[in-house]
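As stored in entry12.txt (compact mmCIF, C-alpha atoms and all ligand atoms):
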# COMPACT_ATOMS: atom_id res chain seq x y z
CA MET A 1 21.14 6.44 3.06
CA LEU A 2 21.38 3.42 0.75
CA ALA A 3 22.40 1.27 3.73
CA ALA A 4 19.36 2.48 5.67
CA LEU A 5 17.12 1.76 2.67
CA ALA A 6 18.62 -1.74 2.54
CA GLY A 7 17.45 -2.26 6.13
CA GLU A 8 20.56 -1.35 8.13
CA VAL A 9 20.24 0.54 11.39
CA ARG A 10 22.66 3.46 11.25
CA PRO A 11 24.12 4.99 14.43
CA ARG A 12 23.26 8.42 13.01
CA PRO A 13 20.23 8.18 10.73
CA PRO A 14 20.78 9.66 7.27
CA PHE A 15 18.66 12.69 6.40
CA TRP A 16 17.39 14.79 3.54
CA LEU A 17 14.37 17.10 3.29
CA MET A 18 11.56 17.05 0.79
CA ARG A 19 11.75 20.32 -1.17
CA GLN A 20 15.22 20.94 0.24
CA ALA A 21 15.92 23.09 -2.82
CA GLY A 22 13.67 26.05 -3.42
CA ARG A 23 12.35 29.41 -2.44
CA TYR A 24 13.32 29.39 1.25
CA LEU A 25 16.96 29.71 0.08
CA PRO A 26 18.07 33.23 -0.96
CA GLU A 27 20.52 31.77 -3.50
CA TYR A 28 17.61 29.94 -5.17
CA ARG A 29 15.48 33.08 -5.32
CA GLU A 30 18.37 35.03 -6.77
CA LEU A 31 18.98 32.56 -9.61
CA ARG A 32 15.24 32.10 -10.15
CA ALA A 33 14.73 35.86 -10.62
CA LYS A 34 17.38 36.01 -13.33
CA ALA A 35 16.09 33.06 -15.30
CA GLY A 36 12.91 32.22 -17.22
CA SER A 37 9.73 30.38 -16.26
CA PHE A 38 9.80 27.62 -13.67
CA LEU A 39 9.15 24.99 -16.33
CA ASP A 40 12.03 26.28 -18.48
CA LEU A 41 14.23 25.92 -15.42
CA CYS A 42 13.18 22.31 -14.87
CA TYR A 43 14.39 21.65 -18.43
CA ASN A 44 17.64 23.60 -17.99
CA PRO A 45 20.39 21.25 -16.70
CA ASP A 46 22.74 24.13 -15.78
CA PHE A 47 20.09 25.62 -13.51
CA ALA A 48 18.69 22.32 -12.23
CA VAL A 49 22.13 20.99 -11.27
CA GLU A 50 23.04 24.23 -9.51
CA VAL A 51 19.86 24.44 -7.42
CA THR A 52 20.05 20.74 -6.53
CA LEU A 53 23.49 21.41 -5.07
CA GLN A 54 22.58 24.59 -3.16
CA PRO A 55 21.14 22.92 -0.02
CA LEU A 56 23.97 20.35 0.01
CA ARG A 57 26.57 23.11 0.19
CA ARG A 58 24.88 24.65 3.20
CA TYR A 59 23.77 21.57 5.10
CA GLY A 60 25.51 18.49 3.67
CA MET A 61 22.41 16.33 3.49
CA ASP A 62 22.98 12.62 2.92
CA ALA A 63 20.98 12.76 -0.29
CA ALA A 64 20.44 15.09 -3.22
CA ILE A 65 17.04 15.06 -4.92
CA LEU A 66 16.91 15.86 -8.60
CA PHE A 67 15.50 19.36 -9.10
CA SER A 68 12.45 19.05 -11.33
CA ASP A 69 8.69 18.77 -10.78
CA ILE A 70 6.21 15.90 -10.85
CA LEU A 71 4.16 17.68 -13.55
CA VAL A 72 6.82 17.36 -16.26
CA VAL A 73 5.27 13.93 -16.92
CA PRO A 74 1.87 15.24 -18.11
CA HIS A 75 3.71 18.05 -19.88
CA ALA A 76 5.86 15.50 -21.75
CA LEU A 77 2.63 13.72 -22.76
CA GLY A 78 1.63 16.94 -24.52
CA GLN A 79 -0.67 18.43 -21.88
CA PRO A 80 -0.20 22.22 -21.81
CA LEU A 81 1.17 23.34 -18.42
CA ALA A 82 2.03 26.69 -16.86
CA TYR A 83 3.00 27.74 -13.36
CA LEU A 84 1.26 31.00 -12.54
CA GLU A 85 2.89 33.25 -9.97
CA GLY A 86 1.21 32.71 -6.60
CA GLU A 87 -1.38 30.32 -8.08
CA GLY A 88 0.50 27.09 -8.62
CA PRO A 89 0.31 24.86 -11.69
CA LYS A 90 -2.40 25.13 -14.38
CA LEU A 91 -3.05 22.44 -17.00
CA ASP A 92 -5.65 22.10 -19.78
CA PRO A 93 -7.76 19.43 -18.05
CA VAL A 94 -8.43 15.96 -19.49
CA ARG A 95 -11.78 14.68 -18.22
CA THR A 96 -13.00 12.03 -20.65
CA VAL A 97 -11.66 9.10 -22.66
CA GLU A 98 -12.08 11.35 -25.71
CA ASP A 99 -9.73 13.91 -24.09
CA LEU A 100 -7.03 11.24 -23.75
CA LYS A 101 -6.57 11.42 -27.54
CA ARG A 102 -4.88 14.79 -26.98
CA LEU A 103 -2.07 13.01 -25.11
CA SER A 104 0.80 11.32 -26.89
CA ARG A 105 3.89 9.38 -25.92
CA ASP A 106 5.69 10.30 -29.16
CA ARG A 107 7.82 13.09 -27.71
CA PHE A 108 7.90 11.87 -24.11
CA HIS A 109 11.58 11.01 -23.69
CA GLU A 110 12.64 13.77 -26.08
CA THR A 111 10.92 16.35 -23.85
CA LEU A 112 12.43 14.81 -20.73
CA ALA A 113 15.95 14.45 -22.14
CA PRO A 114 17.18 17.54 -20.18
CA VAL A 115 16.00 15.88 -16.96
CA TYR A 116 18.07 12.78 -17.75
CA GLU A 117 21.02 15.05 -18.55
CA THR A 118 20.60 16.77 -15.15
CA VAL A 119 20.67 13.37 -13.40
CA ARG A 120 23.77 12.35 -15.37
CA ARG A 121 25.62 15.52 -14.38
CA LEU A 122 24.53 15.26 -10.75
CA SER A 123 25.74 11.69 -10.46
CA THR A 124 29.31 12.94 -10.83
CA ALA A 125 28.84 16.39 -9.23
CA ILE A 126 27.76 15.16 -5.77
CA PRO A 127 30.07 13.50 -3.22
CA ALA A 128 30.31 9.70 -3.55
CA GLU A 129 28.71 9.16 -0.13
CA THR A 130 25.70 11.34 -1.04
CA THR A 131 22.77 9.42 -2.50
CA LEU A 132 21.16 10.72 -5.67
CA ILE A 133 17.36 10.50 -5.56
CA GLY A 134 15.21 10.49 -8.70
CA PHE A 135 11.46 10.90 -8.46
CA ALA A 136 8.07 10.99 -10.10
CA GLY A 137 4.52 11.64 -9.03
CA ALA A 138 2.45 8.51 -8.40
CA PRO A 139 -0.41 7.91 -10.87
CA TRP A 140 -3.27 8.99 -8.61
CA THR A 141 -1.63 12.33 -7.77
CA ILE A 142 -0.62 12.96 -11.38
CA ALA A 143 -4.19 12.14 -12.47
CA CYS A 144 -5.49 14.62 -9.87
CA TYR A 145 -3.59 17.46 -11.54
CA MET A 146 -4.29 16.24 -15.10
CA VAL A 147 -8.05 16.01 -14.53
CA GLU A 148 -8.61 18.99 -12.23
CA GLY A 149 -6.19 21.13 -14.25
CA ALA A 150 -4.85 22.61 -10.98
CA GLY A 151 -4.62 21.91 -7.28
CA SER A 152 -8.03 21.42 -5.68
CA LYS A 153 -9.83 21.27 -2.33
CA GLU A 154 -12.38 18.63 -3.26
CA TYR A 155 -10.94 16.72 -6.22
CA ALA A 156 -14.52 16.42 -7.47
CA HIS A 157 -13.72 16.08 -11.21
CA VAL A 158 -11.11 13.37 -10.81
CA LYS A 159 -13.15 11.46 -8.22
CA ARG A 160 -16.34 11.60 -10.29
CA TRP A 161 -14.48 10.22 -13.29
CA ALA A 162 -12.74 7.51 -11.21
CA TYR A 163 -15.94 6.50 -9.39
CA GLY A 164 -18.39 6.87 -12.30
CA ASP A 165 -16.30 5.43 -15.14
CA PRO A 166 -13.48 3.36 -13.61
CA VAL A 167 -12.74 1.65 -16.93
CA GLY A 168 -12.27 4.93 -18.79
CA PHE A 169 -10.33 6.51 -15.93
CA GLY A 170 -8.26 3.31 -15.76
CA GLN A 171 -7.00 4.08 -19.28
CA LEU A 172 -5.49 7.32 -17.97
CA ILE A 173 -3.99 5.55 -14.95
CA ASP A 174 -2.55 2.78 -17.17
CA LEU A 175 -0.91 5.38 -19.41
CA ILE A 176 0.61 7.15 -16.40
CA VAL A 177 1.82 3.82 -14.98
CA GLU A 178 3.62 2.91 -18.20
CA VAL A 179 5.31 6.25 -18.84
CA THR A 180 6.21 6.77 -15.18
CA ALA A 181 7.93 3.38 -14.96
CA ASP A 182 9.87 4.24 -18.13
CA TYR A 183 10.71 7.68 -16.78
CA LEU A 184 12.06 6.28 -13.51
CA CYS A 185 14.09 3.61 -15.35
CA ARG A 186 15.70 6.33 -17.47
CA GLN A 187 16.56 8.31 -14.34
CA ILE A 188 18.14 5.20 -12.81
CA GLU A 189 20.08 4.53 -16.00
CA ALA A 190 21.33 8.14 -15.87
CA GLY A 191 22.59 7.67 -12.30
CA ALA A 192 19.72 7.93 -9.79
CA GLU A 193 20.46 5.53 -6.92
CA THR A 194 16.95 5.42 -5.50
CA VAL A 195 13.61 6.82 -6.64
CA GLN A 196 10.68 8.24 -4.71
CA LEU A 197 7.04 8.15 -5.81
CA PHE A 198 5.19 11.21 -4.47
CA ASP A 199 1.50 10.44 -3.88
CA SER A 200 0.58 13.78 -2.36
CA TRP A 201 -3.19 13.23 -2.68
CA ALA A 202 -3.33 9.54 -1.68
CA GLY A 203 -5.18 10.61 1.46
CA VAL A 204 -8.36 11.83 -0.22
CA LEU A 205 -9.69 8.39 -1.27
CA PRO A 206 -11.98 5.90 0.51
CA VAL A 207 -10.26 2.58 1.16
CA ALA A 208 -11.60 0.57 -1.81
CA GLU A 209 -10.58 3.36 -4.22
CA PHE A 210 -7.28 3.74 -2.37
CA ARG A 211 -6.55 0.09 -3.20
CA ARG A 212 -7.49 0.53 -6.83
CA TRP A 213 -5.93 3.91 -7.64
CA VAL A 214 -3.06 4.16 -5.15
CA ILE A 215 -1.82 0.70 -4.14
CA GLU A 216 -2.38 -1.15 -7.43
CA PRO A 217 -0.79 1.39 -9.83
CA THR A 218 2.12 1.82 -7.40
CA ARG A 219 2.55 -1.97 -7.32
CA GLN A 220 2.65 -2.02 -11.13
CA ILE A 221 5.26 0.74 -11.33
CA VAL A 222 7.45 -0.93 -8.69
CA ALA A 223 7.22 -4.25 -10.58
CA LEU A 224 8.13 -2.59 -13.91
CA VAL A 225 11.07 -0.72 -12.38
CA LYS A 226 12.27 -3.82 -10.51
CA ALA A 227 12.14 -5.93 -13.68
CA LYS A 228 14.92 -3.74 -15.08
CA HIS A 229 16.59 -2.51 -11.92
CA PRO A 230 16.04 -5.07 -9.16
CA ASN A 231 18.58 -3.47 -6.82
CA THR A 232 17.33 0.12 -6.91
CA PRO A 233 15.18 0.88 -3.87
CA VAL A 234 11.81 2.54 -4.45
CA ILE A 235 10.44 4.83 -1.72
CA GLY A 236 6.68 5.34 -1.66
CA PHE A 237 5.13 8.44 -0.09
CA PRO A 238 1.34 7.99 0.19
CA ARG A 239 0.66 11.26 1.96
CA GLY A 240 -2.42 11.16 4.17
CA ALA A 241 -2.94 7.39 3.85
CA GLY A 242 -3.75 7.16 7.58
CA HIS A 243 -4.99 3.71 8.53
CA ALA A 244 -4.28 2.50 5.00
CA TYR A 245 -0.50 2.90 5.47
CA GLU A 246 -0.37 -0.74 6.58
CA GLU A 247 -2.11 -2.01 3.45
CA TYR A 248 0.06 0.23 1.28
CA VAL A 249 3.21 -1.24 2.83
CA ALA A 250 1.91 -4.80 2.46
CA GLY A 251 0.58 -4.44 -1.07
CA SER A 252 2.56 -1.92 -3.09
CA GLY A 253 5.98 -3.57 -3.15
CA VAL A 254 7.84 -0.39 -2.17
CA ASP A 255 11.17 -0.87 -0.39
CA ALA A 256 10.68 2.02 2.04
CA VAL A 257 7.77 4.24 3.01
CA GLY A 258 7.60 7.97 3.63
CA LEU A 259 5.50 8.99 6.65
CA ASP A 260 3.48 12.17 6.50
CA THR A 261 3.33 14.61 9.39
CA THR A 262 0.27 13.01 11.01
CA VAL A 263 1.64 9.45 11.39
CA PRO A 264 2.52 8.72 15.05
CA PRO A 265 6.23 7.76 15.08
CA VAL A 266 5.80 5.15 17.84
CA TRP A 267 2.96 3.49 15.93
CA ALA A 268 5.07 3.52 12.75
CA ALA A 269 7.96 1.88 14.61
CA GLN A 270 5.74 -0.95 15.83
CA THR A 271 3.62 -1.45 12.74
CA LEU A 272 5.55 -0.39 9.64
CA GLN A 273 9.24 -0.31 10.51
CA THR A 274 9.14 -4.00 11.49
CA ARG A 275 8.50 -4.70 7.78
CA LEU A 276 10.56 -2.05 5.97
CA PRO A 277 12.65 1.12 6.42
CA VAL A 278 10.65 4.28 7.07
CA GLN A 279 11.32 7.93 6.26
CA GLY A 280 9.92 11.02 7.92
CA ASN A 281 8.19 12.85 9.46
CA LEU A 282 8.88 16.19 11.13
CA ASP A 283 6.11 18.72 10.50
CA PRO A 284 7.56 21.28 8.03
CA ILE A 285 5.86 24.00 10.07
CA MET A 286 7.81 22.82 13.13
CA LEU A 287 10.93 23.53 11.09
CA ALA A 288 9.59 26.96 10.17
CA ALA A 289 8.74 27.63 13.85
CA GLY A 290 12.16 26.55 15.15
CA GLY A 291 13.33 26.86 18.75
CA LYS A 292 12.60 24.45 21.56
CA ALA A 293 9.57 22.92 19.80
CA LEU A 294 11.73 21.92 16.83
CA GLU A 295 14.27 20.32 19.14
CA THR A 296 11.68 18.37 21.13
CA ALA A 297 9.78 17.17 18.06
CA THR A 298 13.00 16.05 16.36
CA HIS A 299 14.15 14.17 19.45
CA ASP A 300 10.77 12.45 19.76
CA ILE A 301 10.97 11.21 16.18
CA LEU A 302 14.54 10.03 16.61
CA ALA A 303 13.72 8.29 19.90
CA ALA A 304 10.88 6.40 18.24
CA LEU A 305 12.44 5.52 14.91
CA ALA A 306 16.27 5.69 15.00
CA GLY A 307 16.48 2.20 16.53
CA GLY A 308 15.31 0.67 13.25
CA PRO A 309 16.08 1.29 9.57
CA PHE A 310 15.31 4.98 9.21
CA VAL A 311 15.83 8.04 7.03
CA PHE A 312 15.06 11.32 8.76
CA ASN A 313 12.95 13.73 6.70
CA LEU A 314 9.98 16.05 6.97
CA GLY A 315 6.38 14.87 6.74
CA HIS A 316 5.92 17.11 3.65
CA GLY A 317 8.00 19.72 1.81
CA VAL A 318 9.95 22.65 3.29
CA ILE A 319 7.74 25.76 3.19
CA GLN A 320 8.91 29.01 1.66
CA SER A 321 8.95 31.05 4.89
CA THR A 322 11.36 28.64 6.64
CA PRO A 323 14.39 30.53 8.00
CA PRO A 324 17.57 28.84 6.67
CA ALA A 325 18.97 29.13 10.24
CA HIS A 326 16.31 26.64 11.40
CA VAL A 327 17.49 24.10 8.85
CA GLU A 328 21.00 24.68 10.22
CA ALA A 329 19.70 24.05 13.76
CA LEU A 330 17.97 20.84 12.64
CA THR A 331 21.16 19.67 10.96
CA ARG A 332 23.04 20.17 14.24
CA ILE A 333 20.45 18.23 16.25
CA LEU A 334 20.71 15.32 13.80
CA ARG A 335 24.52 15.31 13.73
CA ASP A 336 24.69 15.40 17.55
CA TRP A 337 22.30 12.47 17.91
O1 LIG A 401 12.28 18.41 -3.28
C1 LIG A 401 13.03 19.04 -4.06
O2 LIG A 401 13.87 19.89 -3.66
C2 LIG A 401 13.02 18.67 -5.52
C3 LIG A 401 12.15 19.39 -6.39
C4 LIG A 401 10.63 19.23 -6.34
C5 LIG A 401 9.76 20.29 -6.70
N1 LIG A 401 8.48 19.82 -6.69
C6 LIG A 401 10.19 21.65 -7.04
C7 LIG A 401 9.21 22.75 -7.12
C8 LIG A 401 9.84 18.12 -6.06
C9 LIG A 401 10.25 16.74 -5.60
C10 LIG A 401 8.48 18.49 -6.30
C11 LIG A 401 7.34 17.58 -6.15
C12 LIG A 401 5.97 18.08 -6.34
N2 LIG A 401 5.53 19.04 -7.21
C13 LIG A 401 4.84 17.54 -5.67
C14 LIG A 401 4.86 16.39 -4.70
C15 LIG A 401 5.26 16.79 -3.34
C16 LIG A 401 4.27 17.68 -2.63
O3 LIG A 401 4.66 18.85 -2.39
O4 LIG A 401 3.18 17.24 -2.31
C17 LIG A 401 3.72 18.25 -6.12
C18 LIG A 401 2.28 18.04 -5.69
C19 LIG A 401 4.16 19.20 -7.10
C20 LIG A 401 3.34 20.12 -7.92
C21 LIG A 401 3.69 21.53 -7.72
N3 LIG A 401 4.86 22.12 -8.18
C22 LIG A 401 2.94 22.53 -7.09
C23 LIG A 401 1.58 22.32 -6.45
C24 LIG A 401 3.69 23.72 -7.18
C25 LIG A 401 3.24 25.10 -6.74
C26 LIG A 401 3.30 25.28 -5.28
C27 LIG A 401 4.60 25.93 -4.91
O5 LIG A 401 5.20 25.52 -3.89
O6 LIG A 401 5.00 26.86 -5.60
C28 LIG A 401 4.90 23.43 -7.82
C29 LIG A 401 6.02 24.36 -8.09
C30 LIG A 401 7.38 23.98 -7.59
N4 LIG A 401 7.93 22.73 -7.63
C31 LIG A 401 8.34 24.88 -7.02
C32 LIG A 401 9.49 24.11 -6.74
C33 LIG A 401 10.80 24.61 -6.20
C34 LIG A 401 8.17 26.38 -6.85
C35 LIG A 401 8.41 27.03 -8.17
C36 LIG A 401 9.02 28.41 -8.09
O7 LIG A 401 10.24 28.53 -7.85
O8 LIG A 401 8.28 29.35 -8.33
How would this structure read if it were set down as structure tokens?
Ligand code: CP3
Amino acid sequence: MLAALAGEVRPRPPFWLMRQAGRYLPEYRELRAKAGSFLDLCYNPDFAVEVTLQPLRRYGMDAAILFSDILVVPHALGQPLAYLEGEGPKLDPVRTVEDLKRLSRDRFHETLAPVYETVRRLSTAIPAETTLIGFAGAPWTIACYMVEGAGSKEYAHVKRWAYGDPVGFGQLIDLIVEVTADYLCRQIEAGAETVQLFDSWAGVLPVAEFRRWVIEPTRQIVALVKAKHPNTPVIGFPRGAGHAYEEYVAGSGVDAVGLDTTVPPVWAAQTLQTRLPVQGNLDPIMLAAGGKALETATHDILAALAGGPFVFNLGHGVIQSTPPAHVEALTRILRDW
């Protein structure tokens, strides 16, 4: 995978799957049921190491991704966070400059120390040829959760703050940029060989705001990480960026770009992959559906993208109802390529 990220064309493209650890695996559900809250588990290196390794044992992916969540960053800034069963994450929202006073960097690395410990243990627990991926949420997506206090359909609170008071909102983004760069550097120092920035809600912004709140903060984080770790590749995943993928690739400084499900692979080969390695983009629902459709879709992606620097992945995370046998089938298709 590191060779592909460095621009090499591999005869068999490396692969991993976003959300490759998690509830679709019975061994995950079994451990999860015995243990405490999801957040406690993210801060429990014994658990986090074990569930990171579970999909590797079954499928031998070319990369392991640290088991954690993007929302540990706001949590480590002191923002109360809970994951409610069936409802997703809930945070006490910050919506004004005044609210930012409730956040603090004082206990940031102390809170995240178990995550660094998980990375350290994983770096020796996984096979040498398996790449260890660290990650964080990108500032726009983290701000979405911090300001809305949950997932959202409209993102009205965060957009109204960003559009109506860009200077005030910029203070929140600047804070997230600084701590996220630090967080990624610590993961790299603990043994992460590449890092991915998840910008799950990049696709909800008009283009001018996309430049300001997606491309520019990402560029700053990449520059801060590169200043300390010039040889560690950074993968950006601006989900839903659509036509703005090109500008993101040109302006953010990322070393590789993750394609969401909607990006046409042939277009990506001609327009993006000529500039940098790409990763993606099988529809996770295609994986859940399985059968002939899964085979055809996988072959189409490989035909379009495997001739250039490429990491096979999904266009978003594995969904819970995915039969593990379908992941097995996908693994076979990729190995036979
Ligand atoms: O990919 C992996 O295997 C590594 C672990 C990982 C998780 N979340 C574990 C998780 C990663 C990389 C993430 C990223 C993440 N988290 C994103 C960005 C990617 C994306 O999906 O768009 C986002 C937006 C989140 C925030 C988040 N965490 C939500 C919205 C939820 C609830 C929805 C859900 O699927 O339950 C979570 C919880 C979460 N994060 C779970 C896991 C395994 C489920 C928790 C459980 O076991 O109950």
Within 9 Å of ligand LIG 401 (chain A), counting all atoms listed in the file, which protein or nucleic acid residues do you find, written as a short mmCIF file (atom, residue, chain, number, x, y, z; two decimals) with C-alpha atoms, in the coordinates of the input?
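In the end it all went to part-v5.cif:
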data_model
loop_
_atom_site.label_atom_id
_atom_site.label_comp_id
_atom_site.auth_asym_id
_atom_site.auth_seq_id
_atom_site.Cartn_x
_atom_site.Cartn_y
_atom_site.Cartn_z
CA LEU A 17 14.37 17.10 3.29
CA MET A 18 11.56 17.05 0.79
CA ARG A 19 11.75 20.32 -1.17
CA GLN A 20 15.22 20.94 0.24
CA ALA A 21 15.92 23.09 -2.82
CA GLY A 22 13.67 26.05 -3.42
CA ARG A 23 12.35 29.41 -2.44
CA TYR A 28 17.61 29.94 -5.17
CA ARG A 29 15.48 33.08 -5.32
CA ARG A 32 15.24 32.10 -10.15
CA SER A 37 9.73 30.38 -16.26
CA PHE A 38 9.80 27.62 -13.67
CA LEU A 39 9.15 24.99 -16.33
CA LEU A 41 14.23 25.92 -15.42
CA CYS A 42 13.18 22.31 -14.87
CA VAL A 51 19.86 24.44 -7.42
CA THR A 52 20.05 20.74 -6.53
CA PRO A 55 21.14 22.92 -0.02
CA ALA A 64 20.44 15.09 -3.22
CA ILE A 65 17.04 15.06 -4.92
CA LEU A 66 16.91 15.86 -8.60
CA PHE A 67 15.50 19.36 -9.10
CA SER A 68 12.45 19.05 -11.33
CA ASP A 69 8.69 18.77 -10.78
CA ILE A 70 6.21 15.90 -10.85
CA LEU A 71 4.16 17.68 -13.55
CA TYR A 83 3.00 27.74 -13.36
CA LEU A 84 1.26 31.00 -12.54
CA GLU A 85 2.89 33.25 -9.97
CA GLY A 86 1.21 32.71 -6.60
CA GLU A 87 -1.38 30.32 -8.08
CA GLY A 88 0.50 27.09 -8.62
CA PRO A 89 0.31 24.86 -11.69
CA GLY A 134 15.21 10.49 -8.70
CA PHE A 135 11.46 10.90 -8.46
CA ALA A 136 8.07 10.99 -10.10
CA GLY A 137 4.52 11.64 -9.03
CA THR A 141 -1.63 12.33 -7.77
CA ILE A 142 -0.62 12.96 -11.38
CA TYR A 145 -3.59 17.46 -11.54
CA ALA A 150 -4.85 22.61 -10.98
CA GLY A 151 -4.62 21.91 -7.28
CA GLN A 196 10.68 8.24 -4.71
CA LEU A 197 7.04 8.15 -5.81
CA PHE A 198 5.19 11.21 -4.47
CA ASP A 199 1.50 10.44 -3.88
CA SER A 200 0.58 13.78 -2.36
CA TRP A 201 -3.19 13.23 -2.68
CA PHE A 237 5.13 8.44 -0.09
CA ARG A 239 0.66 11.26 1.96
CA HIS A 316 5.92 17.11 3.65
CA GLY A 317 8.00 19.72 1.81
CA VAL A 318 9.95 22.65 3.29
CA ILE A 319 7.74 25.76 3.19
CA GLN A 320 8.91 29.01 1.66
#
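With only C-alpha atoms as the atoms that count, the residue of A:Pro233, A:Pro217, A:Gly280, A:Pro114 with the shortest distance to A:Ile188 is A:Pro233.
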_d(atom CA of A:Asp46, atom CA of A:Thr118) in Å_ =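 Those two atoms sit 7.7 Å apart.
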*Which of these, A:Gly149, A:Pro26, A:Pro206, A:Pro238, has the shortest distance to A:Pro324 once you count all atoms listed in the file?*
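Among the listed residues, A:Pro26 lies closest to A:Pro324.
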*atom CA of A:Asp40 to atom CA of A:Glu193: how many Å, to one decimal?*
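Computed distance, atom CA of A:Asp40 to atom CA of A:Glu193, equals 25.2 Å.
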*Measure the distance from atom CA of A:Val327 to atom CA of A:Ala4 in Å and round it to one decimal.*
21.9 Å
*Nearest candidate to A:Ala244 (options A:Gly315, A:Pro265, A:Gly203, A:Gly290; using all atoms listed in the file)*: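 For A:Ala244, the nearest of the candidates is A:Gly203.
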*Polymer residues at most 12 Å from A:Leu205, all atoms listed in the file, same-chain spacing of 2 or more positions, as a ChimeraX atom specification*: /A:140-141,144,154-156,158-160,162-163,199-203,207-215,238-244
_Residue with smallest distance to A:Val167 - pool A:Gly191, A:Leu81, A:Thr96, A:Ile133, counting all atoms listed in the file_ = A:Thr96
*asked:* Show me, as a list in words, the residues that have an atom within 7 Å of stretch 11-15 of chain A when counting all atoms listed in the file, minus same-chain residues fewer than 4 positions from it.
replied: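 Near stretch 11-15 of chain A, the qualifying residues are Met1, Met61, Asp62, Ala306, Phe310, Val311, Phe312, Asn313 and Trp337 of chain A.
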Taking the partial coordinates given, rebuild stretch 195-209 of chain A to contain N, CA and C atoms; return it as a short mmCIF file (atom, residue, chain, number, x, y, z; two decimals), in the frame of the given file.
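part_20.cif written:
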data_model
loop_
_atom_site.label_atom_id
_atom_site.label_comp_id
_atom_site.auth_asym_id
_atom_site.auth_seq_id
_atom_site.Cartn_x
_atom_site.Cartn_y
_atom_site.Cartn_z
N VAL A 195 14.66 5.95 -6.09
CA VAL A 195 13.61 6.82 -6.64
C VAL A 195 12.45 6.90 -5.65
N GLN A 196 11.84 8.07 -5.59
CA GLN A 196 10.68 8.24 -4.71
C GLN A 196 9.44 8.55 -5.54
N LEU A 197 8.35 7.88 -5.19
CA LEU A 197 7.04 8.15 -5.81
C LEU A 197 6.23 9.02 -4.87
N PHE A 198 5.96 10.26 -5.29
CA PHE A 198 5.19 11.21 -4.47
C PHE A 198 3.70 11.01 -4.74
N ASP A 199 2.96 10.52 -3.74
CA ASP A 199 1.50 10.44 -3.88
C ASP A 199 0.86 11.42 -2.91
N SER A 200 0.98 12.69 -3.26
CA SER A 200 0.58 13.78 -2.36
C SER A 200 -0.90 13.75 -2.00
N TRP A 201 -1.73 13.21 -2.91
CA TRP A 201 -3.19 13.23 -2.68
C TRP A 201 -3.74 11.84 -2.42
N ALA A 202 -2.88 10.90 -2.02
CA ALA A 202 -3.33 9.54 -1.68
C ALA A 202 -4.39 9.57 -0.59
N GLY A 203 -4.32 10.57 0.28
CA GLY A 203 -5.18 10.61 1.46
C GLY A 203 -6.60 11.07 1.22
N VAL A 204 -6.99 11.34 -0.02
CA VAL A 204 -8.36 11.83 -0.22
C VAL A 204 -9.33 10.72 -0.62
N LEU A 205 -8.85 9.48 -0.75
CA LEU A 205 -9.69 8.39 -1.27
C LEU A 205 -10.23 7.47 -0.18
N PRO A 206 -11.47 6.98 -0.35
CA PRO A 206 -11.98 5.90 0.51
C PRO A 206 -11.15 4.63 0.26
N VAL A 207 -11.24 3.67 1.18
CA VAL A 207 -10.26 2.58 1.16
C VAL A 207 -10.33 1.72 -0.10
N ALA A 208 -11.52 1.43 -0.62
CA ALA A 208 -11.60 0.57 -1.81
C ALA A 208 -10.94 1.28 -3.00
N GLU A 209 -11.18 2.58 -3.12
CA GLU A 209 -10.58 3.36 -4.22
C GLU A 209 -9.09 3.58 -3.97
#
